file work-v1.cif (mmCIF, C-alpha atoms)
data_run
#
loop_
_atom_site.label_atom_id
_atom_site.label_comp_id
_atom_site.auth_asym_id
_atom_site.auth_seq_id
_atom_site.Cartn_x
_atom_site.Cartn_y
_atom_site.Cartn_z
CA MET G 1 -1.07 -25.82 -9.25
CA GLU G 2 -4.71 -26.00 -10.26
CA PHE G 3 -7.03 -23.92 -8.10
CA ASN G 4 -9.64 -26.00 -6.33
CA ILE G 5 -11.83 -24.31 -3.75
CA ASN G 6 -13.52 -27.60 -2.91
CA LYS G 7 -10.24 -28.78 -1.44
CA HIS G 8 -10.68 -26.20 1.31
CA ILE G 9 -14.41 -25.70 1.82
CA SER G 10 -17.75 -27.06 0.70
CA GLY G 11 -21.41 -26.34 0.15
CA GLN G 12 -22.87 -22.86 0.10
CA PHE G 13 -19.65 -21.28 1.36
CA ASN G 14 -17.89 -22.77 -1.66
CA ASP G 15 -20.51 -21.31 -4.02
CA GLU G 16 -20.18 -17.87 -2.46
CA LEU G 17 -16.40 -17.81 -2.82
CA GLU G 18 -16.55 -19.23 -6.33
CA GLN G 19 -18.87 -16.37 -7.33
CA ILE G 20 -16.56 -13.78 -5.82
CA ARG G 21 -13.55 -15.33 -7.55
CA ASN G 22 -15.42 -15.14 -10.88
CA ASP G 23 -16.24 -11.49 -10.18
CA VAL G 24 -12.55 -10.75 -9.58
CA LEU G 25 -11.67 -12.30 -12.94
CA LYS G 26 -14.46 -10.31 -14.61
CA MET G 27 -13.13 -7.13 -13.03
CA GLY G 28 -9.62 -8.08 -14.15
CA GLY G 29 -10.89 -8.49 -17.71
CA LEU G 30 -12.41 -5.01 -17.62
CA VAL G 31 -9.17 -3.50 -16.33
CA GLU G 32 -7.11 -5.34 -18.95
CA GLN G 33 -9.40 -3.95 -21.66
CA GLN G 34 -9.11 -0.47 -20.16
CA LEU G 35 -5.33 -0.60 -20.32
CA THR G 36 -5.33 -2.00 -23.86
CA ASN G 37 -7.73 0.71 -25.02
CA ALA G 38 -5.74 3.45 -23.27
CA LEU G 39 -2.51 2.43 -24.99
CA ASN G 40 -4.24 2.07 -28.36
CA ALA G 41 -5.78 5.51 -27.89
CA VAL G 42 -2.33 7.02 -27.32
CA ASN G 43 -0.75 5.07 -30.17
CA LYS G 44 -3.44 6.09 -32.67
CA SER G 45 -4.24 9.54 -31.20
CA ASP G 46 -7.81 8.27 -30.85
CA LYS G 47 -9.65 10.76 -28.62
CA ASP G 48 -12.94 8.83 -28.81
CA LEU G 49 -11.29 5.65 -27.53
CA ALA G 50 -9.59 7.64 -24.77
CA LYS G 51 -12.96 9.06 -23.68
CA GLN G 52 -14.37 5.53 -23.68
CA VAL G 53 -11.65 4.49 -21.20
CA LEU G 54 -12.50 7.41 -18.92
CA GLU G 55 -16.23 6.75 -19.10
CA SER G 56 -15.90 3.01 -18.40
CA ASP G 57 -13.94 3.54 -15.19
CA TYR G 58 -17.14 3.65 -13.13
CA LEU G 59 -17.72 -0.05 -13.96
CA VAL G 60 -14.37 -1.01 -12.43
CA ASN G 61 -15.05 1.12 -9.34
CA LYS G 62 -18.51 -0.42 -8.99
CA MET G 63 -17.07 -3.94 -9.07
CA ASP G 64 -14.40 -2.96 -6.54
CA VAL G 65 -17.06 -1.84 -4.06
CA GLN G 66 -19.29 -4.85 -4.72
CA ILE G 67 -16.52 -7.44 -4.25
CA ASP G 68 -15.26 -5.69 -1.13
CA GLU G 69 -18.75 -5.76 0.37
CA ASP G 70 -19.17 -9.43 -0.53
CA CYS G 71 -15.87 -10.31 1.15
CA ASN G 72 -16.73 -8.35 4.29
CA ARG G 73 -20.08 -10.13 4.45
CA ILE G 74 -18.38 -13.53 4.16
CA ILE G 75 -15.94 -12.66 6.95
CA ALA G 76 -18.79 -11.55 9.23
CA LYS G 77 -21.11 -14.43 8.34
CA ARG G 78 -18.73 -17.37 7.88
CA GLN G 79 -15.79 -16.36 10.07
CA PRO G 80 -13.35 -18.21 7.77
CA ALA G 81 -10.06 -19.55 9.10
CA ALA G 82 -6.77 -20.82 7.71
CA SER G 83 -6.69 -21.11 3.91
CA ASP G 84 -10.29 -19.91 3.58
CA LEU G 85 -9.41 -16.64 5.31
CA ARG G 86 -6.24 -16.31 3.23
CA LEU G 87 -8.31 -16.59 0.07
CA VAL G 88 -10.70 -13.85 1.16
CA LEU G 89 -7.80 -11.58 2.13
CA ALA G 90 -6.03 -12.28 -1.16
CA ILE G 91 -9.21 -11.35 -3.04
CA ILE G 92 -9.66 -8.09 -1.10
CA LYS G 93 -6.08 -7.04 -1.80
CA THR G 94 -6.24 -8.11 -5.45
CA VAL G 95 -9.31 -6.01 -6.24
CA THR G 96 -7.67 -2.98 -4.61
CA ASP G 97 -4.69 -3.32 -6.92
CA LEU G 98 -6.92 -3.91 -9.95
CA GLU G 99 -8.84 -0.72 -9.19
CA ARG G 100 -5.58 1.20 -9.00
CA ILE G 101 -4.42 -0.27 -12.31
CA GLY G 102 -7.67 1.08 -13.74
CA ASP G 103 -6.77 4.51 -12.37
CA GLU G 104 -3.36 4.34 -14.08
CA ALA G 105 -5.07 3.37 -17.36
CA LYS G 106 -7.19 6.51 -17.02
CA ARG G 107 -4.07 8.65 -16.63
CA ILE G 108 -2.59 7.12 -19.76
CA ALA G 109 -5.83 7.67 -21.71
CA LYS G 110 -5.80 11.37 -20.81
CA VAL G 111 -2.56 11.77 -22.76
CA ALA G 112 -4.42 10.76 -25.92
CA LEU G 113 -6.70 13.78 -25.39
CA GLU G 114 -3.68 16.11 -25.75
CA SER G 115 -2.40 17.39 -29.09
CA PHE G 116 1.15 16.48 -30.11
CA ASN G 117 3.02 17.73 -33.17
CA LYS G 118 4.97 15.35 -35.41
CA THR G 119 8.19 15.68 -33.43
CA GLN G 120 6.41 15.26 -30.11
CA GLN G 121 4.65 12.13 -31.42
CA GLU G 122 8.06 10.44 -31.29
CA PHE G 123 7.95 10.72 -27.51
CA LEU G 124 4.83 8.58 -27.45
CA VAL G 125 6.47 5.81 -29.49
CA SER G 126 8.72 5.06 -26.51
CA MET G 127 5.65 3.93 -24.56
CA ASP G 128 4.63 1.23 -27.01
CA GLY G 129 7.04 -1.57 -26.07
CA MET G 130 6.72 -0.89 -22.35
CA GLY G 131 2.94 -0.82 -22.69
CA ARG G 132 2.89 -4.25 -24.32
CA LYS G 133 5.00 -5.66 -21.49
CA ALA G 134 2.61 -4.18 -18.89
CA ILE G 135 -0.41 -5.71 -20.64
CA THR G 136 1.33 -9.09 -20.75
CA MET G 137 2.14 -8.90 -17.04
CA LEU G 138 -1.48 -8.06 -16.21
CA HIS G 139 -2.84 -10.86 -18.41
CA ASP G 140 -0.40 -13.40 -16.96
CA VAL G 141 -1.03 -12.47 -13.33
CA LEU G 142 -4.79 -12.74 -13.84
CA ASP G 143 -4.22 -16.19 -15.32
CA ALA G 144 -2.05 -17.11 -12.33
CA PHE G 145 -4.80 -15.88 -10.01
CA ALA G 146 -7.47 -17.88 -11.87
CA ARG G 147 -5.48 -21.10 -11.41
CA MET G 148 -3.72 -20.07 -8.16
CA ASP G 149 -0.51 -21.12 -9.91
CA VAL G 150 2.50 -20.10 -7.81
CA ASP G 151 5.02 -20.82 -10.57
CA ALA G 152 3.18 -18.54 -13.02
CA ALA G 153 2.86 -15.92 -10.28
CA PHE G 154 6.61 -16.06 -9.64
CA ASP G 155 7.29 -15.53 -13.36
CA VAL G 156 5.22 -12.33 -13.23
CA HIS G 157 7.05 -11.24 -10.10
CA LYS G 158 10.40 -11.59 -11.88
CA ALA G 159 9.12 -9.80 -15.01
CA ASP G 160 8.72 -6.55 -13.08
CA LYS G 161 12.50 -6.06 -13.07
CA GLU G 162 12.55 -5.79 -16.86
CA LEU G 163 9.69 -3.29 -16.81
CA ASP G 164 11.57 -1.20 -14.22
CA ARG G 165 14.72 -1.19 -16.37
CA GLU G 166 12.75 -0.07 -19.40
CA TYR G 167 11.11 2.71 -17.39
CA GLU G 168 14.49 3.99 -16.20
CA GLY G 169 15.85 4.00 -19.77
CA ILE G 170 12.86 5.86 -21.20
CA ALA G 171 12.86 8.35 -18.32
CA ARG G 172 16.53 9.18 -18.98
CA GLN G 173 15.80 9.75 -22.69
CA LEU G 174 12.87 12.03 -21.91
CA MET G 175 14.90 14.03 -19.40
CA THR G 176 17.61 14.51 -22.04
CA HIS G 177 15.00 15.83 -24.50
CA MET G 178 13.75 18.31 -21.91
CA MET G 179 17.26 19.67 -21.29
CA GLU G 180 17.88 20.02 -25.03
CA ASP G 181 14.55 21.70 -25.76
CA PRO G 182 12.90 23.38 -22.73
CA ARG G 183 9.85 24.23 -24.87
CA SER G 184 9.05 20.52 -25.03
CA ILE G 185 8.86 20.15 -21.25
CA PRO G 186 5.03 20.25 -20.87
CA LYS G 187 4.46 17.55 -23.50
CA ILE G 188 7.33 15.39 -22.32
CA MET G 189 6.01 15.57 -18.77
CA ASP G 190 2.69 14.15 -20.02
CA VAL G 191 4.56 11.22 -21.54
CA LEU G 192 6.77 10.82 -18.47
CA TRP G 193 3.76 10.53 -16.17
CA SER G 194 2.24 7.93 -18.51
CA VAL G 195 5.43 5.88 -18.51
CA ARG G 196 5.46 6.17 -14.73
CA SER G 197 1.88 4.81 -14.73
CA LEU G 198 3.06 1.76 -16.69
CA GLU G 199 5.84 1.20 -14.15
CA ARG G 200 3.28 1.36 -11.34
CA ILE G 201 1.04 -1.12 -13.15
CA GLY G 202 3.98 -3.53 -13.12
CA ASP G 203 4.27 -3.02 -9.36
CA ARG G 204 0.55 -3.74 -8.93
CA CYS G 205 0.86 -6.95 -10.96
CA GLN G 206 3.79 -7.95 -8.78
CA ASN G 207 1.62 -7.35 -5.70
CA ILE G 208 -1.10 -9.64 -7.07
CA SER G 209 1.48 -12.35 -7.75
CA GLU G 210 2.48 -12.13 -4.07
CA TYR G 211 -1.15 -12.58 -2.98
CA VAL G 212 -1.36 -15.78 -5.05
CA ILE G 213 1.77 -17.12 -3.34
CA TYR G 214 0.37 -16.06 0.05
CA PHE G 215 -2.86 -17.99 -0.51
CA VAL G 216 -1.25 -21.16 -1.82
CA LYS G 217 1.77 -21.31 0.48
CA GLY G 218 0.47 -19.41 3.50
CA LYS G 219 3.58 -17.22 3.52
CA ASP G 220 3.79 -13.46 3.19
CA VAL G 221 6.53 -12.82 0.62
CA ARG G 222 6.21 -9.04 0.44
CA HIS G 223 9.50 -7.15 0.81
CA THR G 224 11.53 -10.32 0.39
CA SER G 225 14.21 -11.15 -2.18
CA GLU G 226 13.63 -13.20 -5.30
CA ASP G 227 15.69 -16.05 -3.85
CA GLU G 228 13.63 -16.06 -0.65
CA ILE G 229 10.39 -16.16 -2.63
CA LYS G 230 11.73 -19.07 -4.67
CA GLN G 231 12.58 -20.94 -1.48
CA ASN G 232 9.07 -20.33 -0.11
CA ILE G 233 7.55 -21.70 -3.31
CA LEU G 234 9.72 -24.81 -3.22
CA SER G 235 9.16 -25.51 0.49
#
call {"tool": "encode", "arguments": {"input": "work-v1.cif", "output": "structure tokens"}}
result
Amino acid sequence: MEFNINKHISGQFNDELEQIRNDVLKMGGLVEQQLTNALNAVNKSDKDLAKQVLESDYLVNKMDVQIDEDCNRIIAKRQPAASDLRLVLAIIKTVTDLERIGDEAKRIAKVALESFNKTQQEFLVSMDGMGRKAITMLHDVLDAFARMDVDAAFDVHKADKELDREYEGIARQLMTHMMEDPRSIPKIMDVLWSVRSLERIGDRCQNISEYVIYFVKGKDVRHTSEDEIKQNILS
């Protein structure tokens, strides 16, 4: 489904919401770059790139506050109803999840500031495939949001299962390493928390996919099964 604000509203109100929507996508782009840089920093042991991720976080936080204020102003000034109100609520919730994805990217970047020996570097390799999947989920859900495409949003929602399975597998491997070599526990815990951050990013992307479905279909699909969500999309 192509996203068309003019189908719902017109005039100045349309311009205001279009600007906010563009700001959300700009914020999403910043967060996507943060996550990409954080994972590259870990993969290449690039401390400078990791510091860049930490230092750029204020930009994401600034956009979060700005968009939230803009949405609150629209609610007070325009008193939107029906689909217009759903759009504003979807935007507010989306930026909250984007800000939290930025926080998880920061946690991952901090691992790159630690020193790992050659053996411990192998622990970091396990993050690479999962990290690529998380970046893909974030990119795809931002695309679904830009077009308010429920089918694309549903694909992202389903993709979270695979990310969860990968997290569980990596976590088991890391726990085994800790039992075999207790001296490795501090370093493995750093990696484990980073992998956990990737799993949470998948959850946040899933949340955003649900907000897209909520706006387009007017149905809250949180805490519902995959089959129920599919039915809501088809109805």
call {"tool": "resolve_selection", "arguments": {"input": "work-v1.cif", "expression": "the PyMOL selection byres ((chain G and resi 206) around 9)", "output": "list in words"}}
result
Met137, Val141, Ala153, Phe154, Val156, His157, Lys158, Ala159, Asp160, Ile201, Gly202, Asp203, Arg204, Cys205, Asn207, Ile208, Ser209, Glu210 and Tyr211 of chain G
call {"tool": "atom_distance", "arguments": {"input": "work-v1.cif", "atom1": "atom CA of G:Ile135", "atom2": "atom CA of G:Thr96"}}
result
17.8 Å
call {"tool": "closest_atom_pairs", "arguments": {"input": "work-v1.cif", "of": "stretch 68-154 of chain G", "to": "stretch 165-189 of chain G", "cutoff": "8 Å", "atoms": "all atoms listed in the file", "output": "Markdown table"}}
result
| residue | atom | partner | partner_atom | distance |
| --- | --- | --- | --- | --- |
| G:Phe116 | CA | G:Lys187 | CA | 7.5 |
| G:Gln120 | CA | G:Lys187 | CA | 7.3 |
| G:Phe123 | CA | G:Ile188 | CA | 7.0 |
| G:Ser126 | CA | G:Ile170 | CA | 6.8 |
| G:Met130 | CA | G:Glu166 | CA | 6.8 |
call {"tool": "closest_residue", "arguments": {"input": "work-v1.cif", "among": "G:Gln79, G:Thr94, G:Ser225, G:Gln121", "to": "G:Ser45", "atoms": "all atoms listed in the file"}}
result
G:Gln121
call {"tool": "closest_residue", "arguments": {"input": "work-v1.cif", "among": "G:Asp164, G:Glu199, G:Tyr214, G:Leu17", "to": "G:Arg78", "atoms": "only C-alpha atoms"}}
result
G:Leu17
call {"tool": "atom_distance", "arguments": {"input": "work-v1.cif", "atom1": "atom CA of G:Asn232", "atom2": "atom CA of G:Phe13"}}
result
28.8 Å
call {"tool": "residues_around", "arguments": {"input": "work-v1.cif", "residues": "stretch 28-39 of chain G", "least_positions_apart": "3", "cutoff": "10 Å", "atoms": "only C-alpha atoms", "output": "MDAnalysis selection string"}}
result
chainID G and resid 22:25 42:47 49:54 56:57 59:60 63 94:95 97:112 124 127:128 131:132 134:136 138:139 141:143 194 198 201
call {"tool": "atom_distance", "arguments": {"input": "work-v1.cif", "atom1": "atom CA of G:Glu55", "atom2": "atom CA of G:Ser115"}}
result
20.1 Å
call {"tool": "residues_around", "arguments": {"input": "work-v1.cif", "residues": "G:Gln231", "least_positions_apart": "4", "cutoff": "12 Å", "atoms": "all atoms listed in the file", "output": "MDAnalysis selection string"}}
result
chainID G and resid 150:151 154 213 217 219 221 224:227 235
call {"tool": "resolve_selection", "arguments": {"input": "work-v1.cif", "expression": "the PyMOL selection byres ((chain G and resi 87) around 12)", "output": "MDAnalysis selection string"}}
result
chainID G and resid 3:5 8:9 14 17:18 20:21 71 74:75 80:86 88:94 145 148 211:218
call {"tool": "decode", "arguments": {"input": "work-v1.cif", "residues": "stretch 125-136 of chain G", "atoms": "N, CA and C atoms", "output": "compact mmCIF listing (two decimals), in the first residue's frame"}}
result
# COMPACT_ATOMS: atom_id res chain seq x y z
N VAL G 125 33.03 -12.75 16.43
CA VAL G 125 32.63 -13.19 15.09
C VAL G 125 31.18 -13.66 15.08
N SER G 126 30.75 -14.24 16.21
CA SER G 126 29.39 -14.77 16.30
C SER G 126 28.34 -13.68 16.13
N MET G 127 28.72 -12.43 16.38
CA MET G 127 27.78 -11.32 16.27
C MET G 127 27.51 -10.90 14.84
N ASP G 128 28.44 -11.23 13.94
CA ASP G 128 28.42 -10.64 12.60
C ASP G 128 27.13 -10.96 11.83
N GLY G 129 26.81 -12.26 11.73
CA GLY G 129 25.61 -12.65 10.98
C GLY G 129 24.34 -12.10 11.59
N MET G 130 24.26 -12.16 12.92
CA MET G 130 23.08 -11.65 13.61
C MET G 130 22.97 -10.13 13.43
N GLY G 131 24.11 -9.47 13.44
CA GLY G 131 24.12 -8.02 13.25
C GLY G 131 23.60 -7.62 11.88
N ARG G 132 23.99 -8.39 10.85
CA ARG G 132 23.50 -8.09 9.50
C ARG G 132 21.99 -8.26 9.41
N LYS G 133 21.48 -9.30 10.08
CA LYS G 133 20.03 -9.52 10.07
C LYS G 133 19.30 -8.36 10.76
N ALA G 134 19.86 -7.87 11.87
CA ALA G 134 19.24 -6.76 12.60
C ALA G 134 19.22 -5.50 11.75
N ILE G 135 20.31 -5.23 11.05
CA ILE G 135 20.37 -4.06 10.17
C ILE G 135 19.33 -4.18 9.05
N THR G 136 19.20 -5.36 8.49
CA THR G 136 18.21 -5.58 7.43
C THR G 136 16.80 -5.35 7.95
